[in-house]
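Structure data follow from start_27.cif (mmCIF, C-alpha atoms and all ligand atoms):
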data_input
#
loop_
_atom_site.group_PDB
_atom_site.id
_atom_site.type_symbol
_atom_site.label_atom_id
_atom_site.label_comp_id
_atom_site.auth_asym_id
_atom_site.auth_seq_id
_atom_site.Cartn_x
_atom_site.Cartn_y
_atom_site.Cartn_z
ATOM 1 C CA MET A 1051 0.000 0.000 0.000
ATOM 2 C CA SER A 1052 1.294 3.472 -0.819
ATOM 3 C CA GLU A 1053 1.957 5.796 2.094
ATOM 4 C CA ARG A 1054 -1.068 7.629 3.521
ATOM 5 C CA ARG A 1055 -1.286 11.399 3.524
ATOM 6 C CA ASP A 1056 -2.125 13.149 6.825
ATOM 7 C CA LEU A 1057 -5.547 14.773 6.980
ATOM 8 C CA GLY A 1058 -5.450 17.500 9.638
ATOM 9 C CA ILE A 1059 -8.526 17.439 11.861
ATOM 10 C CA GLY A 1060 -9.822 20.369 13.895
ATOM 11 C CA LEU A 1061 -12.645 19.865 16.355
ATOM 12 C CA VAL A 1062 -14.975 22.546 17.692
ATOM 13 C CA SER A 1063 -16.703 21.482 20.937
ATOM 14 C CA VAL A 1064 -15.771 18.465 23.001
ATOM 15 C CA GLY A 1065 -19.262 17.411 24.093
ATOM 16 C CA TRP A 1066 -21.207 14.270 23.253
ATOM 17 C CA MET A 1067 -20.841 14.583 19.475
ATOM 18 C CA GLY A 1068 -17.296 15.928 19.635
ATOM 19 C CA LYS A 1069 -16.306 12.626 21.239
ATOM 20 C CA VAL A 1070 -18.278 10.649 18.650
ATOM 21 C CA HIS A 1071 -16.530 12.418 15.739
ATOM 22 C CA SER A 1072 -13.131 11.938 17.383
ATOM 23 C CA ARG A 1073 -13.693 8.209 17.885
ATOM 24 C CA ALA A 1074 -14.748 7.911 14.258
ATOM 25 C CA TYR A 1075 -11.545 9.630 13.070
ATOM 26 C CA SER A 1076 -9.465 7.355 15.306
ATOM 27 C CA GLU A 1077 -11.077 4.242 13.829
ATOM 28 C CA LEU A 1078 -11.169 5.414 10.220
ATOM 29 C CA ASN A 1079 -8.133 3.511 8.946
ATOM 30 C CA SER A 1080 -8.989 0.231 10.681
ATOM 31 C CA THR A 1081 -12.543 0.429 9.294
ATOM 32 C CA PHE A 1082 -11.495 1.516 5.792
ATOM 33 C CA PRO A 1083 -7.913 0.219 5.363
ATOM 34 C CA GLY A 1084 -7.727 1.255 1.713
ATOM 35 C CA LEU A 1085 -7.989 4.981 2.365
ATOM 36 C CA ALA A 1086 -5.195 7.220 1.108
ATOM 37 C CA VAL A 1087 -5.498 9.569 4.102
ATOM 38 C CA LYS A 1088 -4.755 9.206 7.793
ATOM 39 C CA PRO A 1089 -6.546 11.544 10.242
ATOM 40 C CA ARG A 1090 -4.204 13.600 12.421
ATOM 41 C CA LEU A 1091 -6.021 15.090 15.431
ATOM 42 C CA VAL A 1092 -4.468 18.569 15.401
ATOM 43 C CA ILE A 1093 -6.495 20.869 17.660
ATOM 44 C CA ALA A 1094 -9.776 20.942 19.594
ATOM 45 C CA ALA A 1095 -11.681 23.923 21.007
ATOM 46 C CA ASP A 1096 -14.030 24.160 23.965
ATOM 47 C CA PRO A 1097 -14.419 26.998 26.479
ATOM 48 C CA GLU A 1098 -14.611 24.486 29.336
ATOM 49 C CA PRO A 1099 -11.043 23.711 30.556
ATOM 50 C CA SER A 1100 -11.823 20.131 31.633
ATOM 51 C CA ARG A 1101 -13.005 19.389 28.088
ATOM 52 C CA GLN A 1102 -9.811 20.832 26.625
ATOM 53 C CA GLN A 1103 -7.870 18.536 28.921
ATOM 54 C CA PHE A 1104 -10.023 15.564 27.896
ATOM 55 C CA ALA A 1105 -9.437 16.368 24.211
ATOM 56 C CA VAL A 1106 -5.674 16.108 24.653
ATOM 57 C CA GLU A 1107 -5.375 13.373 27.286
ATOM 58 C CA ALA A 1108 -8.209 11.049 26.292
ATOM 59 C CA LEU A 1109 -9.013 11.779 22.652
ATOM 60 C CA GLY A 1110 -5.434 12.382 21.501
ATOM 61 C CA TYR A 1111 -5.519 15.923 20.062
ATOM 62 C CA GLU A 1112 -2.107 17.558 19.867
ATOM 63 C CA GLN A 1113 -3.410 20.756 21.466
ATOM 64 C CA ALA A 1114 -6.577 22.377 22.778
ATOM 65 C CA THR A 1115 -7.877 25.910 23.098
ATOM 66 C CA ALA A 1116 -10.889 27.859 24.355
ATOM 67 C CA ASP A 1117 -11.253 29.753 21.071
ATOM 68 C CA TYR A 1118 -12.700 28.032 18.000
ATOM 69 C CA LEU A 1119 -11.064 30.671 15.767
ATOM 70 C CA GLU A 1120 -7.721 29.018 16.544
ATOM 71 C CA VAL A 1121 -9.139 25.788 15.093
ATOM 72 C CA VAL A 1122 -10.565 27.199 11.874
ATOM 73 C CA SER A 1123 -7.421 29.277 11.222
ATOM 74 C CA HIS A 1124 -4.843 26.582 12.075
ATOM 75 C CA PRO A 1125 -2.562 25.964 9.080
ATOM 76 C CA ASP A 1126 -2.379 22.188 9.698
ATOM 77 C CA VAL A 1127 -6.166 21.762 9.817
ATOM 78 C CA ASP A 1128 -7.762 20.544 6.575
ATOM 79 C CA VAL A 1129 -11.206 19.592 7.901
ATOM 80 C CA VAL A 1130 -13.229 20.934 10.821
ATOM 81 C CA SER A 1131 -15.817 18.940 12.754
ATOM 82 C CA ILE A 1132 -18.301 21.478 14.121
ATOM 83 C CA CYS A 1133 -20.022 19.845 17.084
ATOM 84 C CA ALA A 1134 -21.144 22.998 18.890
ATOM 85 C CA PRO A 1135 -24.629 23.805 20.203
ATOM 86 C CA ASN A 1136 -27.015 24.835 17.408
ATOM 87 C CA PHE A 1137 -26.979 28.564 18.158
ATOM 88 C CA LEU A 1138 -23.260 28.666 17.281
ATOM 89 C CA HIS A 1139 -23.435 26.663 14.050
ATOM 90 C CA LYS A 1140 -23.801 29.576 11.660
ATOM 91 C CA GLU A 1141 -21.012 31.745 13.059
ATOM 92 C CA ILE A 1142 -18.566 28.836 13.311
ATOM 93 C CA ALA A 1143 -19.425 27.466 9.850
ATOM 94 C CA LEU A 1144 -19.005 30.917 8.300
ATOM 95 C CA ALA A 1145 -15.659 31.302 10.086
ATOM 96 C CA ALA A 1146 -14.494 27.906 8.733
ATOM 97 C CA ILE A 1147 -15.622 28.909 5.239
ATOM 98 C CA ALA A 1148 -13.807 32.248 5.527
ATOM 99 C CA HIS A 1149 -10.588 30.290 6.181
ATOM 100 C CA GLY A 1150 -11.262 27.900 3.283
ATOM 101 C CA LYS A 1151 -11.711 24.862 5.536
ATOM 102 C CA HIS A 1152 -13.893 21.910 4.601
ATOM 103 C CA PHE A 1153 -16.304 21.040 7.403
ATOM 104 C CA TRP A 1154 -18.722 18.507 8.822
ATOM 105 C CA LEU A 1155 -21.413 20.443 10.653
ATOM 106 C CA GLU A 1156 -23.644 18.699 13.144
ATOM 107 C CA LYS A 1157 -27.350 18.805 12.447
ATOM 108 C CA PRO A 1158 -29.400 20.905 12.195
ATOM 109 C CA ALA A 1159 -27.179 23.184 10.096
ATOM 110 C CA GLY A 1160 -28.952 26.424 11.081
ATOM 111 C CA ARG A 1161 -31.721 27.121 13.560
ATOM 112 C CA SER A 1162 -33.976 28.098 10.659
ATOM 113 C CA ALA A 1163 -34.132 27.633 6.906
ATOM 114 C CA GLU A 1164 -32.662 31.136 6.504
ATOM 115 C CA GLU A 1165 -29.587 30.361 8.622
ATOM 116 C CA THR A 1166 -29.094 27.065 6.812
ATOM 117 C CA LEU A 1167 -29.316 28.695 3.373
ATOM 118 C CA GLU A 1168 -26.784 31.324 4.404
ATOM 119 C CA ILE A 1169 -24.302 28.602 5.366
ATOM 120 C CA ALA A 1170 -25.005 26.598 2.192
ATOM 121 C CA HIS A 1171 -24.585 29.589 -0.133
ATOM 122 C CA ALA A 1172 -21.354 30.675 1.582
ATOM 123 C CA ALA A 1173 -19.920 27.132 1.356
ATOM 124 C CA ASP A 1174 -20.821 26.871 -2.337
ATOM 125 C CA ALA A 1175 -19.376 30.305 -3.117
ATOM 126 C CA ALA A 1176 -16.084 29.417 -1.375
ATOM 127 C CA GLY A 1177 -15.901 25.967 -3.008
ATOM 128 C CA VAL A 1178 -15.416 24.145 0.300
ATOM 129 C CA VAL A 1179 -16.786 20.648 0.827
ATOM 130 C CA SER A 1180 -19.446 20.465 3.517
ATOM 131 C CA SER A 1181 -21.620 17.816 5.087
ATOM 132 C CA ILE A 1182 -24.343 17.766 7.745
ATOM 133 C CA GLY A 1183 -24.672 15.135 10.476
ATOM 134 C CA TYR A 1184 -27.868 13.444 9.350
ATOM 135 C CA ASN A 1185 -26.341 10.110 10.237
ATOM 136 C CA TYR A 1186 -29.418 7.961 9.584
ATOM 137 C CA ARG A 1187 -29.226 8.906 5.895
ATOM 138 C CA GLN A 1188 -27.102 5.889 4.984
ATOM 139 C CA ALA A 1189 -28.795 3.321 7.238
ATOM 140 C CA PRO A 1190 -29.904 0.422 4.990
ATOM 141 C CA ALA A 1191 -33.590 0.682 6.023
ATOM 142 C CA ILE A 1192 -33.644 4.417 5.249
ATOM 143 C CA GLU A 1193 -31.907 3.905 1.901
ATOM 144 C CA TYR A 1194 -34.437 1.188 1.045
ATOM 145 C CA ALA A 1195 -37.361 3.473 1.961
ATOM 146 C CA LYS A 1196 -35.848 6.172 -0.269
ATOM 147 C CA LYS A 1197 -35.561 3.675 -3.145
ATOM 148 C CA LEU A 1198 -39.174 2.515 -2.700
ATOM 149 C CA ILE A 1199 -40.373 6.119 -2.785
ATOM 150 C CA ALA A 1200 -38.222 7.002 -5.813
ATOM 151 C CA GLU A 1201 -39.549 3.978 -7.716
ATOM 152 C CA GLY A 1202 -43.126 4.951 -6.927
ATOM 153 C CA GLY A 1203 -43.640 1.802 -4.865
ATOM 154 C CA LEU A 1204 -45.430 3.765 -2.130
ATOM 155 C CA GLY A 1205 -47.474 5.956 -4.448
ATOM 156 C CA ARG A 1206 -47.602 9.715 -4.011
ATOM 157 C CA ILE A 1207 -46.372 10.621 -0.522
ATOM 158 C CA THR A 1208 -48.651 13.221 1.031
ATOM 159 C CA ASN A 1209 -47.729 12.968 4.705
ATOM 160 C CA VAL A 1210 -44.770 11.742 6.734
ATOM 161 C CA ARG A 1211 -44.843 11.257 10.495
ATOM 162 C CA GLY A 1212 -41.723 10.265 12.410
ATOM 163 C CA ILE A 1213 -41.187 9.648 16.105
ATOM 164 C CA PHE A 1214 -37.814 9.361 17.813
ATOM 165 C CA PHE A 1215 -38.101 7.861 21.281
ATOM 166 C CA ALA A 1216 -35.396 8.927 23.720
ATOM 167 C CA ASP A 1217 -35.279 9.316 27.481
ATOM 168 C CA TYR A 1218 -32.080 11.307 27.911
ATOM 169 C CA SER A 1219 -34.045 14.447 28.819
ATOM 170 C CA SER A 1220 -36.164 12.816 31.496
ATOM 171 C CA GLU A 1221 -33.796 13.189 34.456
ATOM 172 C CA PRO A 1222 -35.469 15.855 36.638
ATOM 173 C CA ASN A 1223 -32.127 16.850 38.173
ATOM 174 C CA GLY A 1224 -30.374 17.129 34.811
ATOM 175 C CA ALA A 1225 -28.730 20.426 33.805
ATOM 176 C CA LEU A 1226 -30.815 23.024 31.991
ATOM 177 C CA SER A 1227 -28.478 22.958 29.004
ATOM 178 C CA TRP A 1228 -28.757 24.762 25.631
ATOM 179 C CA ARG A 1229 -31.087 21.983 24.395
ATOM 180 C CA PHE A 1230 -34.015 23.104 26.546
ATOM 181 C CA LYS A 1231 -34.251 26.830 25.755
ATOM 182 C CA LYS A 1232 -35.894 27.379 22.403
ATOM 183 C CA ALA A 1233 -33.672 30.213 21.199
ATOM 184 C CA TRP A 1234 -30.534 28.049 21.510
ATOM 185 C CA PRO A 1235 -31.426 24.848 19.640
ATOM 186 C CA GLY A 1236 -33.800 26.815 17.360
ATOM 187 C CA ALA A 1237 -37.507 27.447 17.642
ATOM 188 C CA GLU A 1238 -38.258 24.981 14.826
ATOM 189 C CA PHE A 1239 -36.804 22.093 16.801
ATOM 190 C CA SER A 1240 -38.301 20.924 20.057
ATOM 191 C CA ALA A 1241 -35.419 18.511 20.715
ATOM 192 C CA THR A 1242 -32.065 17.808 19.145
HETATM 193 N N1 LIG B 1301 -26.050 13.511 14.513
HETATM 194 C C1 LIG B 1301 -26.559 13.121 15.668
HETATM 195 O O1 LIG B 1301 -27.063 12.020 15.808
HETATM 196 C C2 LIG B 1301 -26.505 14.058 16.845
HETATM 197 C C3 LIG B 1301 -26.714 13.571 18.138
HETATM 198 C C4 LIG B 1301 -26.616 14.458 19.216
HETATM 199 C C5 LIG B 1301 -26.330 15.796 18.992
HETATM 200 N N2 LIG B 1301 -26.157 16.241 17.713
HETATM 201 C C6 LIG B 1301 -25.825 17.654 17.455
HETATM 202 O O2 LIG B 1301 -24.475 17.877 17.858
HETATM 203 C C7 LIG B 1301 -24.325 19.199 18.362
HETATM 204 C C8 LIG B 1301 -23.721 19.156 19.771
HETATM 205 O O3 LIG B 1301 -24.551 18.379 20.608
HETATM 206 P P1 LIG B 1301 -23.937 17.623 21.898
HETATM 207 O O4 LIG B 1301 -24.963 16.642 22.304
HETATM 208 O O5 LIG B 1301 -22.541 17.175 21.608
HETATM 209 O O6 LIG B 1301 -23.911 18.846 22.937
HETATM 210 P P2 LIG B 1301 -23.180 18.890 24.369
HETATM 211 O O7 LIG B 1301 -24.002 19.806 25.188
HETATM 212 O O8 LIG B 1301 -22.842 17.522 24.852
HETATM 213 O O9 LIG B 1301 -21.770 19.578 24.031
HETATM 214 C C9 LIG B 1301 -21.686 20.917 23.618
HETATM 215 C C10 LIG B 1301 -20.242 21.392 23.861
HETATM 216 O O10 LIG B 1301 -20.119 22.685 23.252
HETATM 217 C C11 LIG B 1301 -19.240 23.424 24.083
HETATM 218 N N3 LIG B 1301 -19.344 24.857 23.773
HETATM 219 C C12 LIG B 1301 -20.172 25.800 24.301
HETATM 220 N N4 LIG B 1301 -19.868 27.004 23.800
HETATM 221 C C13 LIG B 1301 -18.834 26.832 22.919
HETATM 222 C C14 LIG B 1301 -18.060 27.711 22.089
HETATM 223 N N5 LIG B 1301 -18.265 29.037 22.070
HETATM 224 N N6 LIG B 1301 -17.052 27.186 21.339
HETATM 225 C C15 LIG B 1301 -16.811 25.857 21.362
HETATM 226 N N7 LIG B 1301 -17.520 24.973 22.112
HETATM 227 C C16 LIG B 1301 -18.519 25.465 22.893
HETATM 228 C C17 LIG B 1301 -19.686 23.051 25.500
HETATM 229 O O11 LIG B 1301 -18.706 23.390 26.475
HETATM 230 C C18 LIG B 1301 -19.865 21.536 25.334
HETATM 231 O O12 LIG B 1301 -18.650 20.844 25.597
HETATM 232 C C19 LIG B 1301 -25.741 19.841 18.317
HETATM 233 O O13 LIG B 1301 -25.858 20.601 17.146
HETATM 234 C C20 LIG B 1301 -26.669 18.639 18.253
HETATM 235 O O14 LIG B 1301 -27.880 18.918 17.573
HETATM 236 C C21 LIG B 1301 -26.212 15.405 16.652
#
With the file now loaded, output its structure as structure tokens.
Amino acid sequence: MSERRDLGIGLVSVGWMGKVHSRAYSELNSTFPGLAVKPRLVIAADPEPSRQQFAVEALGYEQATADYLEVVSHPDVDVVSICAPNFLHKEIALAAIAHGKHFWLEKPAGRSAEETLEIAHAADAAGVVSSIGYNYRQAPAIEYAKKLIAEGGLGRITNVRGIFFADYSSEPNGALSWRFKKAWPGAEFSAT
């Protein structure tokens, strides 16, 4: 096998999804051995010092910072994983775009269609590659449903109703985090 090229990774926010993205990067080459790139965990940002420490000591980033601008402007970073709370998505995505960085932005992209369009147009105009964390998209059952619909097997779809059961918000003593105040996740989303 020819030698792999380093792919510099920058992470913004070391919360639940920041860990998930980091684990995925760490396992990339054992899952897909034929890849020509090898993720290099360059820098992670989170304002909470214990999370910066976790990023370096547990996840394996070379350095950590409180300021996401240091991530999106780092010369060794090729790709940025944006795993911040929803109300920060637009400003961080636009900052990554301004520095010409490709990015994976956690869902939902913006808190509204307008915010999302602004990010999409800016990414297109800058020619950066972007992706959104709708991770069920490639699940076999979802792909099959898409195929059935595209082939007309389900007729004309007039209504779709989906329910996602989760109990992670049911702890009465849990923290009142950004998820539970409508302006932060976005008024169009009642849960994230
Ligand atoms: N794709 C999925 O299945 C999935 C699942 C869960 C969450 N999400 C999305 O991932 C994103 C993050 O959710 P989470 O569950 O990881 O949240 P979380 O609350 O666990 O983590 C958020 C982190 O952001 C940090 N943060 C706050 N302000 C910051 C700033 N200015 N700069 C950098 N970091 C900052 C916090 O300190 C915290 O560590 C949300 O957009 C959410 O909708 C996606």
Closest atom pairs, chain A residues within 10 Å of ligand LIG 1301 (chain B), all atoms listed in the file, as a Markdown table:
| residue | atom | partner | partner_atom | distance |
| --- | --- | --- | --- | --- |
| A:Leu1061 | CA | B:LIG1301 | C15 | 8.9 |
| A:Val1062 | CA | B:LIG1301 | C15 | 5.3 |
| A:Ser1063 | CA | B:LIG1301 | N7 | 3.8 |
| A:Val1064 | CA | B:LIG1301 | O12 | 4.5 |
| A:Gly1065 | CA | B:LIG1301 | O9 | 3.3 |
| A:Trp1066 | CA | B:LIG1301 | O5 | 3.6 |
| A:Met1067 | CA | B:LIG1301 | O5 | 3.8 |
| A:Gly1068 | CA | B:LIG1301 | O5 | 5.7 |
| A:Lys1069 | CA | B:LIG1301 | O5 | 7.7 |
| A:Val1070 | CA | B:LIG1301 | O5 | 8.3 |
| A:His1071 | CA | B:LIG1301 | O5 | 9.7 |
| A:Ala1094 | CA | B:LIG1301 | C15 | 8.8 |
| A:Ala1095 | CA | B:LIG1301 | C15 | 5.5 |
| A:Asp1096 | CA | B:LIG1301 | N7 | 4.0 |
| A:Pro1097 | CA | B:LIG1301 | O11 | 5.6 |
| A:Glu1098 | CA | B:LIG1301 | O11 | 5.1 |
| A:Pro1099 | CA | B:LIG1301 | O11 | 8.7 |
| A:Ser1100 | CA | B:LIG1301 | O12 | 9.1 |
| A:Arg1101 | CA | B:LIG1301 | O12 | 6.3 |
| A:Gln1102 | CA | B:LIG1301 | O12 | 8.9 |
| A:Thr1115 | CA | B:LIG1301 | C15 | 9.1 |
| A:Ala1116 | CA | B:LIG1301 | N6 | 6.9 |
| A:Asp1117 | CA | B:LIG1301 | N6 | 6.3 |
| A:Tyr1118 | CA | B:LIG1301 | N6 | 5.6 |
| A:Leu1119 | CA | B:LIG1301 | N6 | 8.9 |
| A:Val1121 | CA | B:LIG1301 | C15 | 9.9 |
| A:Ile1132 | CA | B:LIG1301 | C7 | 7.7 |
| A:Cys1133 | CA | B:LIG1301 | C7 | 4.5 |
| A:Ala1134 | CA | B:LIG1301 | O10 | 4.5 |
| A:Pro1135 | CA | B:LIG1301 | C19 | 4.5 |
| A:Asn1136 | CA | B:LIG1301 | O13 | 4.4 |
| A:Phe1137 | CA | B:LIG1301 | O13 | 8.1 |
| A:Leu1138 | CA | B:LIG1301 | N5 | 6.9 |
| A:His1139 | CA | B:LIG1301 | O13 | 7.2 |
| A:Glu1141 | CA | B:LIG1301 | N5 | 9.8 |
| A:Ile1142 | CA | B:LIG1301 | N6 | 8.3 |
| A:Leu1155 | CA | B:LIG1301 | O13 | 7.9 |
| A:Glu1156 | CA | B:LIG1301 | O2 | 4.9 |
| A:Lys1157 | CA | B:LIG1301 | O14 | 5.2 |
| A:Pro1158 | CA | B:LIG1301 | O14 | 5.9 |
| A:Ala1159 | CA | B:LIG1301 | O13 | 7.6 |
| A:Gly1160 | CA | B:LIG1301 | O13 | 9.0 |
| A:Arg1161 | CA | B:LIG1301 | O13 | 9.5 |
| A:Ile1182 | CA | B:LIG1301 | N1 | 8.2 |
| A:Gly1183 | CA | B:LIG1301 | N1 | 4.6 |
| A:Tyr1184 | CA | B:LIG1301 | N1 | 5.5 |
| A:Asn1185 | CA | B:LIG1301 | N1 | 5.5 |
| A:Tyr1186 | CA | B:LIG1301 | O1 | 7.8 |
| A:Ala1225 | CA | B:LIG1301 | O7 | 9.8 |
| A:Ser1227 | CA | B:LIG1301 | O7 | 6.7 |
| A:Trp1228 | CA | B:LIG1301 | O7 | 6.9 |
| A:Arg1229 | CA | B:LIG1301 | O7 | 7.5 |
| A:Trp1234 | CA | B:LIG1301 | O13 | 9.8 |
| A:Pro1235 | CA | B:LIG1301 | O14 | 7.2 |
| A:Gly1236 | CA | B:LIG1301 | O14 | 9.9 |
| A:Phe1239 | CA | B:LIG1301 | O14 | 9.5 |
| A:Ala1241 | CA | B:LIG1301 | O14 | 8.2 |
| A:Thr1242 | CA | B:LIG1301 | O14 | 4.6 |
Residues just named, written with C-alpha atoms as a PDB file, in the coordinates of the input:
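Output (again19.pdb):
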ATOM      1  CA  LEU A1061     -12.645  19.865  16.355  1.00  0.00           C
ATOM      2  CA  VAL A1062     -14.975  22.546  17.692  1.00  0.00           C
ATOM      3  CA  SER A1063     -16.703  21.482  20.937  1.00  0.00           C
ATOM      4  CA  VAL A1064     -15.771  18.465  23.001  1.00  0.00           C
ATOM      5  CA  GLY A1065     -19.262  17.411  24.093  1.00  0.00           C
ATOM      6  CA  TRP A1066     -21.207  14.270  23.253  1.00  0.00           C
ATOM      7  CA  MET A1067     -20.841  14.583  19.475  1.00  0.00           C
ATOM      8  CA  GLY A1068     -17.296  15.928  19.635  1.00  0.00           C
ATOM      9  CA  LYS A1069     -16.306  12.626  21.239  1.00  0.00           C
ATOM     10  CA  VAL A1070     -18.278  10.649  18.650  1.00  0.00           C
ATOM     11  CA  HIS A1071     -16.530  12.418  15.739  1.00  0.00           C
ATOM     12  CA  ALA A1094      -9.776  20.942  19.594  1.00  0.00           C
ATOM     13  CA  ALA A1095     -11.681  23.923  21.007  1.00  0.00           C
ATOM     14  CA  ASP A1096     -14.030  24.160  23.965  1.00  0.00           C
ATOM     15  CA  PRO A1097     -14.419  26.998  26.479  1.00  0.00           C
ATOM     16  CA  GLU A1098     -14.611  24.486  29.336  1.00  0.00           C
ATOM     17  CA  PRO A1099     -11.043  23.711  30.556  1.00  0.00           C
ATOM     18  CA  SER A1100     -11.823  20.131  31.633  1.00  0.00           C
ATOM     19  CA  ARG A1101     -13.005  19.389  28.088  1.00  0.00           C
ATOM     20  CA  GLN A1102      -9.811  20.832  26.625  1.00  0.00           C
ATOM     21  CA  THR A1115      -7.877  25.910  23.098  1.00  0.00           C
ATOM     22  CA  ALA A1116     -10.889  27.859  24.355  1.00  0.00           C
ATOM     23  CA  ASP A1117     -11.253  29.753  21.071  1.00  0.00           C
ATOM     24  CA  TYR A1118     -12.700  28.032  18.000  1.00  0.00           C
ATOM     25  CA  LEU A1119     -11.064  30.671  15.767  1.00  0.00           C
ATOM     26  CA  VAL A1121      -9.139  25.788  15.093  1.00  0.00           C
ATOM     27  CA  ILE A1132     -18.301  21.478  14.121  1.00  0.00           C
ATOM     28  CA  CYS A1133     -20.022  19.845  17.084  1.00  0.00           C
ATOM     29  CA  ALA A1134     -21.144  22.998  18.890  1.00  0.00           C
ATOM     30  CA  PRO A1135     -24.629  23.805  20.203  1.00  0.00           C
ATOM     31  CA  ASN A1136     -27.015  24.835  17.408  1.00  0.00           C
ATOM     32  CA  PHE A1137     -26.979  28.564  18.158  1.00  0.00           C
ATOM     33  CA  LEU A1138     -23.260  28.666  17.281  1.00  0.00           C
ATOM     34  CA  HIS A1139     -23.435  26.663  14.050  1.00  0.00           C
ATOM     35  CA  GLU A1141     -21.012  31.745  13.059  1.00  0.00           C
ATOM     36  CA  ILE A1142     -18.566  28.836  13.311  1.00  0.00           C
ATOM     37  CA  LEU A1155     -21.413  20.443  10.653  1.00  0.00           C
ATOM     38  CA  GLU A1156     -23.644  18.699  13.144  1.00  0.00           C
ATOM     39  CA  LYS A1157     -27.350  18.805  12.447  1.00  0.00           C
ATOM     40  CA  PRO A1158     -29.400  20.905  12.195  1.00  0.00           C
ATOM     41  CA  ALA A1159     -27.179  23.184  10.096  1.00  0.00           C
ATOM     42  CA  GLY A1160     -28.952  26.424  11.081  1.00  0.00           C
ATOM     43  CA  ARG A1161     -31.721  27.121  13.560  1.00  0.00           C
ATOM     44  CA  ILE A1182     -24.343  17.766   7.745  1.00  0.00           C
ATOM     45  CA  GLY A1183     -24.672  15.135  10.476  1.00  0.00           C
ATOM     46  CA  TYR A1184     -27.868  13.444   9.350  1.00  0.00           C
ATOM     47  CA  ASN A1185     -26.341  10.110  10.237  1.00  0.00           C
ATOM     48  CA  TYR A1186     -29.418   7.961   9.584  1.00  0.00           C
ATOM     49  CA  ALA A1225     -28.730  20.426  33.805  1.00  0.00           C
ATOM     50  CA  SER A1227     -28.478  22.958  29.004  1.00  0.00           C
ATOM     51  CA  TRP A1228     -28.757  24.762  25.631  1.00  0.00           C
ATOM     52  CA  ARG A1229     -31.087  21.983  24.395  1.00  0.00           C
ATOM     53  CA  TRP A1234     -30.534  28.049  21.510  1.00  0.00           C
ATOM     54  CA  PRO A1235     -31.426  24.848  19.640  1.00  0.00           C
ATOM     55  CA  GLY A1236     -33.800  26.815  17.360  1.00  0.00           C
ATOM     56  CA  PHE A1239     -36.804  22.093  16.801  1.00  0.00           C
ATOM     57  CA  ALA A1241     -35.419  18.511  20.715  1.00  0.00           C
ATOM     58  CA  THR A1242     -32.065  17.808  19.145  1.00  0.00           C
TER      59      THR A1242
END
(request) Taking the file above as input, evaluate the PyMOL selection byres (((chain A and resi 1088) around 6) and not hetatm) and report the hits as a PyMOL selection string. (result) chain A and resi 1054-1057+1087+1089
Output of the PyMOL selection byres (((chain A and resi 1153) around 6) and not hetatm), listed as a PDB file with C-alpha atoms, in the coordinates of the input:
ATOM      1  CA  VAL A1129     -11.206  19.592   7.901  1.00  0.00           C
ATOM      2  CA  VAL A1130     -13.229  20.934  10.821  1.00  0.00           C
ATOM      3  CA  SER A1131     -15.817  18.940  12.754  1.00  0.00           C
ATOM      4  CA  HIS A1152     -13.893  21.910   4.601  1.00  0.00           C
ATOM      5  CA  TRP A1154     -18.722  18.507   8.822  1.00  0.00           C
ATOM      6  CA  SER A1180     -19.446  20.465   3.517  1.00  0.00           C
TER       7      SER A1180
END
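Between CA of Gly1177 (chain A) and CA of Tyr1111 (chain A) the interatomic distance comes to 27.2 Å.
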As JSON, please: the centre and edge lengths in Å, to one decimal, of an axis-aligned box enclosing every listed atom of region 1058-1066 of chain A with 5 Å added on each side.
{"center_x": -13.3, "center_y": 18.4, "center_z": 16.9, "size_x": 25.8, "size_y": 18.3, "size_z": 24.5}
(request) Enter the distance from CA of Thr1081 (chain A) to CA of Gly1058 (chain A), in Å, rounded to one decimal. (result) 18.5 Å
(request) In Å, rounded to a single decimal, give me how far CA of Ala1105 (chain A) is from CA of Val1179 (chain A). (result) 24.9 Å
(request) Around the point (-13.2, 33.9, 10.5), in the coordinates given by the file, pick out the residues reaching within 10 Å, counting only C-alpha atoms, and return them as number ranges by chain. (result) A: 1118-1120, 1122-1123, 1141-1150
